[in-house]
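Q: This is the content of target21.cif (mmCIF, C-alpha atoms):
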data_input
#
loop_
_atom_site.label_atom_id
_atom_site.label_comp_id
_atom_site.auth_asym_id
_atom_site.auth_seq_id
_atom_site.Cartn_x
_atom_site.Cartn_y
_atom_site.Cartn_z
CA MET A 132 30.80 24.26 67.71
CA LEU A 133 31.88 21.32 69.86
CA ALA A 134 33.84 23.70 72.08
CA ASN A 135 30.55 25.36 73.03
CA TYR A 136 29.30 21.99 74.28
CA GLY A 137 32.57 21.70 76.17
CA TYR A 138 31.44 24.69 78.24
CA ILE A 139 28.21 22.81 79.03
CA GLY A 140 30.33 19.86 80.15
CA LEU A 141 32.44 22.19 82.29
CA LEU A 142 29.28 23.63 83.86
CA LEU A 143 28.06 20.09 84.55
CA VAL A 144 31.36 19.18 86.25
CA VAL A 145 31.25 22.32 88.40
CA ALA A 146 27.58 21.67 89.28
CA ILE A 147 28.28 18.08 90.34
CA PHE A 148 31.35 19.16 92.30
CA PHE A 149 29.38 21.91 94.07
CA ALA A 150 26.50 19.58 94.96
CA VAL A 151 28.77 16.81 96.22
CA THR A 152 30.96 19.12 98.33
CA THR A 153 27.89 20.81 99.82
CA LEU A 154 26.53 17.41 100.79
CA LEU A 155 29.81 16.11 102.18
CA LEU A 156 30.86 19.27 104.03
CA PRO A 157 28.56 18.75 107.10
CA LEU A 158 29.66 15.11 107.34
CA PHE A 159 33.29 16.16 107.19
CA LEU A 160 32.81 18.90 109.82
CA ARG A 161 31.13 16.42 112.13
CA PHE A 162 33.92 13.91 111.50
CA ILE A 163 36.58 16.36 112.71
CA HIS A 164 34.34 17.33 115.68
CA ILE A 165 33.78 20.94 114.73
CA VAL A 166 30.01 20.43 114.63
CA PRO A 167 28.62 19.10 117.94
CA HIS A 168 26.39 16.02 117.79
CA LYS A 169 23.72 16.19 120.53
CA PRO A 170 20.46 14.84 119.14
CA ASN A 171 17.22 14.93 121.08
CA PRO A 172 13.71 13.81 120.02
CA ILE A 173 12.50 17.34 119.25
CA LYS A 174 15.60 18.22 117.25
CA SER A 175 15.41 15.10 115.11
CA SER A 176 11.67 15.28 114.47
CA THR A 177 10.69 15.93 110.86
CA TYR A 178 8.82 19.12 111.63
CA GLU A 179 9.58 21.28 114.61
CA CYS A 180 6.36 23.10 113.88
CA GLY A 181 3.52 21.96 111.64
CA MET A 182 1.59 18.77 111.18
CA GLU A 183 2.92 15.25 111.37
CA THR A 184 2.28 13.47 108.09
CA ILE A 185 -0.23 10.63 107.96
CA GLY A 186 0.47 7.50 105.90
CA LYS A 187 3.16 6.96 103.31
CA ALA A 188 4.17 9.21 100.46
CA TRP A 189 4.13 6.24 98.08
CA VAL A 190 0.52 6.15 97.05
CA GLN A 191 -0.99 4.66 93.95
CA PHE A 192 -1.78 7.38 91.42
CA ASN A 193 -5.12 7.70 89.70
CA PHE A 194 -5.20 6.19 86.22
CA ARG A 195 -6.52 9.50 84.88
CA TYR A 196 -3.05 11.06 85.24
CA TYR A 197 -1.78 8.72 82.54
CA PHE A 198 -3.78 10.66 79.96
CA TYR A 199 -1.74 13.76 80.72
CA ALA A 200 1.51 11.83 80.36
CA LEU A 201 0.44 10.49 76.94
CA MET A 202 -0.70 13.99 75.91
CA PHE A 203 2.63 15.39 77.08
CA ILE A 204 4.53 12.95 74.86
CA ALA A 205 2.43 13.84 71.82
CA LEU A 206 2.99 17.56 72.37
CA ASP A 207 6.69 16.92 73.05
CA VAL A 208 6.98 15.39 69.58
CA LEU A 209 5.26 18.51 68.25
CA VAL A 210 8.02 20.55 69.93
CA VAL A 211 10.64 18.41 68.14
CA PHE A 212 9.19 19.63 64.84
CA LEU A 213 8.74 23.21 66.08
CA TYR A 214 12.38 23.45 67.17
CA PRO A 215 14.17 23.25 63.77
CA TRP A 216 11.46 25.40 62.23
CA ALA A 217 11.98 28.07 64.91
CA VAL A 218 15.77 27.97 64.40
CA GLU A 219 15.42 28.69 60.67
CA LEU A 220 12.26 30.82 60.88
CA ARG A 221 13.50 33.69 58.70
CA LYS A 222 15.13 31.55 56.01
CA LEU A 223 12.13 29.25 55.56
CA GLY A 224 9.75 32.17 55.10
CA LEU A 225 6.08 31.86 54.21
CA PHE A 226 6.27 28.28 52.89
CA GLY A 227 7.63 26.94 56.16
CA PHE A 228 5.21 29.09 58.13
CA ILE A 229 2.16 27.69 56.30
CA GLY A 230 3.55 24.16 56.61
CA MET A 231 3.93 24.61 60.35
CA LEU A 232 0.45 26.16 60.57
CA VAL A 233 -1.08 23.10 58.90
CA PHE A 234 0.98 20.84 61.18
CA THR A 235 -0.15 22.63 64.33
CA PHE A 236 -3.78 22.73 63.11
CA ILE A 237 -3.80 18.93 62.71
CA ILE A 238 -2.60 18.57 66.32
CA VAL A 239 -5.11 21.18 67.55
CA VAL A 240 -7.91 19.02 66.06
CA GLY A 241 -7.02 16.44 68.71
CA TYR A 242 -7.06 19.13 71.39
CA ILE A 243 -10.51 20.34 70.29
CA TYR A 244 -11.74 16.74 70.26
CA ALA A 245 -10.49 16.24 73.83
CA TRP A 246 -12.17 19.48 74.85
CA ARG A 247 -15.51 18.56 73.24
CA LYS A 248 -15.43 15.07 74.80
CA LYS A 249 -14.85 16.73 78.21
CA VAL A 250 -11.69 14.70 78.80
CA LEU A 251 -9.86 17.73 80.18
CA GLU A 252 -12.47 18.30 82.90
CA TRP A 253 -11.57 17.13 86.36
CA LYS A 254 -14.29 15.02 87.97
CA MET B 78 40.56 15.70 69.86
CA ILE B 79 41.89 14.37 73.18
CA GLY B 80 39.07 16.23 74.92
CA LEU B 81 36.59 14.46 72.65
CA ASP B 82 38.08 11.08 73.61
CA ILE B 83 37.85 11.93 77.32
CA ALA B 84 34.24 13.08 76.88
CA PHE B 85 33.36 9.89 75.01
CA TRP B 86 34.87 7.60 77.64
CA VAL B 87 33.33 9.50 80.56
CA LEU B 88 29.91 9.43 78.87
CA ALA B 89 30.25 5.77 77.89
CA ILE B 90 31.22 4.71 81.42
CA VAL B 91 28.44 6.79 83.00
CA GLY B 92 25.94 5.39 80.49
CA ILE B 93 26.94 1.76 81.08
CA ILE B 94 26.94 2.14 84.88
CA ALA B 95 23.50 3.77 84.71
CA ALA B 96 22.22 1.02 82.39
CA LEU B 97 23.52 -1.66 84.79
CA ALA B 98 21.86 0.19 87.67
CA VAL B 99 18.54 0.09 85.77
CA VAL B 100 18.74 -3.69 85.62
CA LEU B 101 20.30 -4.43 89.00
CA LEU B 102 18.60 -1.97 91.37
CA SER B 103 15.75 -3.60 93.27
CA ASP B 104 13.85 -0.33 93.68
CA VAL B 105 11.96 0.30 90.41
CA PHE B 106 11.75 4.02 91.03
CA ARG B 107 15.52 4.36 91.42
CA ALA B 108 15.92 2.21 88.31
CA ALA B 109 13.74 4.70 86.40
CA LEU B 110 15.88 7.59 87.64
CA SER B 111 19.08 5.88 86.54
CA LEU B 112 17.44 5.30 83.16
CA VAL B 113 17.25 9.11 82.91
CA VAL B 114 21.01 9.32 83.58
CA CYS B 115 21.58 6.69 80.88
CA PHE B 116 19.51 8.69 78.36
CA LEU B 117 21.47 11.85 79.22
CA ALA B 118 24.78 10.06 78.67
CA VAL B 119 23.53 8.86 75.26
CA ALA B 120 22.57 12.47 74.43
CA GLY B 121 26.10 13.52 75.34
CA ILE B 122 27.53 10.85 73.02
CA TYR B 123 25.35 12.21 70.21
CA ILE B 124 26.89 15.64 70.82
CA THR B 125 30.42 14.24 70.58
CA LEU B 126 29.37 12.74 67.22
CA SER B 127 28.29 16.23 65.99
CA ALA B 128 24.62 15.19 65.90
CA ASP B 129 23.35 18.16 67.87
CA PHE B 130 19.72 17.97 66.73
CA LEU B 131 19.56 14.29 67.64
CA ALA B 132 20.96 15.16 71.08
CA ALA B 133 18.25 17.82 71.55
CA VAL B 134 15.59 15.31 70.49
CA GLN B 135 17.04 12.72 72.86
CA VAL B 136 16.83 15.17 75.77
CA LEU B 137 13.33 16.35 74.78
CA ILE B 138 11.73 12.97 74.10
CA TYR B 139 13.63 10.45 76.18
CA VAL B 140 14.78 12.48 79.18
CA GLY B 141 11.71 14.71 79.15
CA ALA B 142 8.77 12.58 78.09
CA ILE B 143 9.55 8.84 78.12
CA SER B 144 11.01 8.98 81.62
CA VAL B 145 7.95 10.90 82.83
CA LEU B 146 5.77 8.19 81.28
CA ILE B 147 7.81 5.41 82.95
CA ILE B 148 7.80 7.14 86.35
CA LEU B 149 4.05 7.72 86.08
CA ALA B 150 3.54 4.07 85.12
CA ILE B 151 5.48 3.08 88.26
CA MET B 152 3.36 5.41 90.36
CA LEU B 153 0.23 3.80 88.90
CA THR B 154 1.21 0.34 90.09
CA ARG B 155 -0.11 -0.97 93.36
CA GLU B 156 2.42 -1.56 96.15
CA VAL B 157 4.86 0.85 94.54
CA GLN B 158 6.99 0.99 97.69
CA ARG B 159 7.67 -2.74 97.64
CA GLY B 160 10.04 -2.47 94.69
CA SER B 161 10.53 -5.14 92.06
CA PRO B 162 10.82 -8.63 93.52
CA SER B 163 13.17 -10.99 91.71
CA ASN B 164 11.39 -13.52 89.52
CA ARG B 165 11.93 -16.83 87.77
CA LEU B 166 12.80 -15.21 84.43
CA ARG B 167 16.02 -13.69 85.71
CA ILE B 168 18.37 -16.34 84.29
CA PRO B 169 16.61 -16.83 80.91
CA ALA B 170 16.55 -13.04 80.47
CA PHE B 171 20.28 -12.90 81.27
CA LEU B 172 21.01 -15.63 78.67
CA VAL B 173 18.94 -13.86 76.00
CA ALA B 174 20.69 -10.57 76.75
CA ILE B 175 24.12 -12.23 76.51
CA LEU B 176 23.15 -13.83 73.18
CA PHE B 177 21.90 -10.49 71.87
CA LEU B 178 25.07 -8.71 73.01
CA GLY B 179 27.22 -11.41 71.41
CA GLY B 180 25.30 -11.13 68.13
CA MET B 181 25.61 -7.34 68.14
CA ALA B 182 29.34 -7.42 68.91
CA PHE B 183 29.90 -10.08 66.23
CA ALA B 184 28.01 -8.05 63.60
CA MET B 185 29.81 -4.85 64.55
CA LEU B 186 33.30 -6.35 64.50
CA ASN B 187 32.75 -8.21 61.20
CA THR B 188 31.31 -5.28 59.26
CA THR B 189 33.63 -3.22 57.11
CA TRP B 190 32.36 0.24 58.00
CA GLN B 191 32.36 2.84 55.26
CA VAL B 192 33.75 6.02 56.78
CA SER B 193 33.01 9.29 55.00
CA VAL B 194 35.92 11.66 54.61
CA ALA B 195 33.62 14.70 54.44
CA PRO B 196 33.70 16.85 57.59
CA PRO B 197 30.53 16.64 59.72
CA LEU B 198 27.85 19.22 59.11
CA GLU B 199 27.69 21.76 61.94
CA PRO B 200 25.15 22.70 63.16
CA THR B 201 22.79 20.08 61.81
CA THR B 202 19.58 21.74 62.99
CA SER B 203 19.38 24.42 60.29
CA ALA B 204 20.16 21.94 57.51
CA LEU B 205 17.44 19.62 58.83
CA ALA B 206 15.01 22.53 59.03
CA GLY B 207 15.67 23.33 55.38
CA LEU B 208 14.98 19.71 54.44
CA LEU B 209 11.86 19.35 56.58
CA PHE B 210 10.11 22.65 55.98
CA GLY B 211 11.83 24.12 52.92
CA GLU B 212 10.36 24.11 49.42
CA GLY B 213 11.06 20.83 47.64
CA GLY B 214 11.74 19.22 50.99
CA PHE B 215 9.85 16.66 53.02
CA ILE B 216 6.87 18.80 53.98
CA LEU B 217 4.29 16.10 53.12
CA PRO B 218 5.84 13.40 55.38
CA VAL B 219 5.99 16.03 58.14
CA GLU B 220 2.24 16.61 57.81
CA ILE B 221 1.68 12.84 57.80
CA ALA B 222 3.67 12.70 61.04
CA ALA B 223 1.18 15.23 62.40
CA ILE B 224 -1.66 12.83 61.48
CA LEU B 225 0.23 10.11 63.37
CA LEU B 226 0.46 12.36 66.42
CA LEU B 227 -3.24 13.15 66.12
CA ALA B 228 -3.98 9.42 66.08
CA ALA B 229 -1.85 9.04 69.23
CA ILE B 230 -3.77 11.81 71.00
CA LEU B 231 -7.13 10.33 69.98
CA GLY B 232 -5.94 6.91 71.14
CA ALA B 233 -5.00 8.36 74.52
CA ILE B 234 -8.47 9.95 74.80
CA VAL B 235 -10.24 6.70 73.91
CA LEU B 236 -8.03 4.76 76.32
CA VAL B 237 -8.69 6.97 79.31
CA ARG B 238 -12.31 8.04 78.81
CA GLU B 239 -14.77 6.31 81.07
CA LYS B 240 -17.70 4.62 79.40
#
Using structure tokens, write down the structure from this file.
A:
Amino acid sequence: MLANYGYIGLLLVVAIFFAVTTLLLPLFLRFIHIVPHKPNPIKSSTYECGMETIGKAWVQFNFRYYFYALMFIALDVLVVFLYPWAVELRKLGLFGFIGMLVFTFIIVVGYIYAWRKKVLEWK
Amino acid sequence: MIGLDIAFWVLAIVGIIAALAVVLLSDVFRAALSLVVCFLAVAGIYITLSADFLAAVQVLIYVGAISVLIILAIMLTREVQRGSPSNRLRIPAFLVAILFLGGMAFAMLNTTWQVSVAPPLEPTTSALAGLLFGEGGFILPVEIAAILLLAAILGAIVLVREK
């Protein structure tokens, strides 16, 4: 069981190694003068073609987005309960199915309420 | 078991470095991102302790949702690019943290831990599923948890809705 997670760890190590070498390779090639370094204003501009951006990327978000974050957390907790149920779906049978149905219905009440109150509409 | 030890130490070091980065980085956004790394390291430690369901929950809730909430909260603040300026509470907060750490370490070192000789249950998810949704299990508390979630959703709606 733990050995299977060892493979995930191995994948993680390979992924980090791959990303780091890919990032460092151009720097290394420039360091040993294989890649020429001749910058000019056009070459170092952000976009060779396209529009120059206006203003900063760090803008203050609308407060309305916070609702979606809170909603996401609530539904994420729903997934936490769905996950063990889905793993043992066959063994739990009808009892577990009805239990999950009631569980989901209680959550859906909140969704219907949000819908009726027109919270999900974008103004 | 040597692999388990290596995994534990790597995860512990990564987690502590990430946790220190959360506190010490002046850019709040980068601090939030290193908090994600810290949560992932904790999830890895749960896996080495054979608590696979807890690790999945850690990734789902903390890495997935809580970090999104924190990053969104940072994006909601004005002057987000200015980072977090240092404030007067830095030294009192450090003292409180040291006291807390000392208390925790003292309690941990002076407790005689009862270690079970039974082998850990693997995988834990199916056993938990049987307890949560099986007959004679904890189905009623699960439904009450659904009511709690419903209350959270309604609270979010009330909080955000314009009058």
Q: Could you please determine the separation between atom CA of A:Leu142 and atom CA of B:Gly121 in Å, to one decimal place?
A: 13.6 Å
Q: Could you give me, as a tab-separated table, every stretch 179-254 of chain A residue with an atom at most 12 Å from stretch 185-202 of chain B, plus its closest atom pair and distance in Å to one decimal, counting all atoms listed in the file, rows ordered by chain then number?
A:
residue	atom	partner	partner_atom	distance
A:Val211	CA	B:Thr202	CA	10.8
A:Phe212	CA	B:Thr202	CA	10.8
A:Leu213	CA	B:Thr202	CA	11.4
A:Tyr214	CA	B:Thr202	CA	8.5
A:Pro215	CA	B:Thr202	CA	5.7
A:Trp216	CA	B:Thr202	CA	8.9
A:Ala217	CA	B:Thr202	CA	10.1
A:Val218	CA	B:Thr202	CA	7.4
A:Glu219	CA	B:Thr202	CA	8.4
A:Leu220	CA	B:Thr202	CA	11.9
Q: If we count all atoms listed in the file, what is near A:Tyr136 at a cut-off of 12 Å, once residues fewer than 6 positions away on the same chain are taken out, given as an NGL selection string?
A: (:A and (142-143)) or (:B and (80-81 or 84 or 120-129 or 132 or 200))
Q: Step by step, work through what the PyMOL selection byres ((chain B) within 8 of (chain A)) selects in the shown file, and finish by giving those residues as a ChimeraX atom specification.
A: /B:124-125,127,134,137-138,142-143,145-146,149-150,152-158,199-200,202-203,205-207,210-212,216,219-220,223-224,226-227,229-231,233-234,237-238
Q: Please, what distance in Å, to one decimal, runs between atom CA of B:Ala109 and atom CA of B:Ile151?
A: 8.6 Å
Q: If the PyMOL selection byres ((chain B and resi 91) around 12) is run on the structure shown, which residues does it catch, given as a ChimeraX atom specification?
A: /B:84-90,92-98,111-122
Q: Work out how far apart atom CA of B:Leu110 and atom CA of A:Val144 are and give it in Å to one decimal.
A: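 These two atoms are separated by 19.4 Å.
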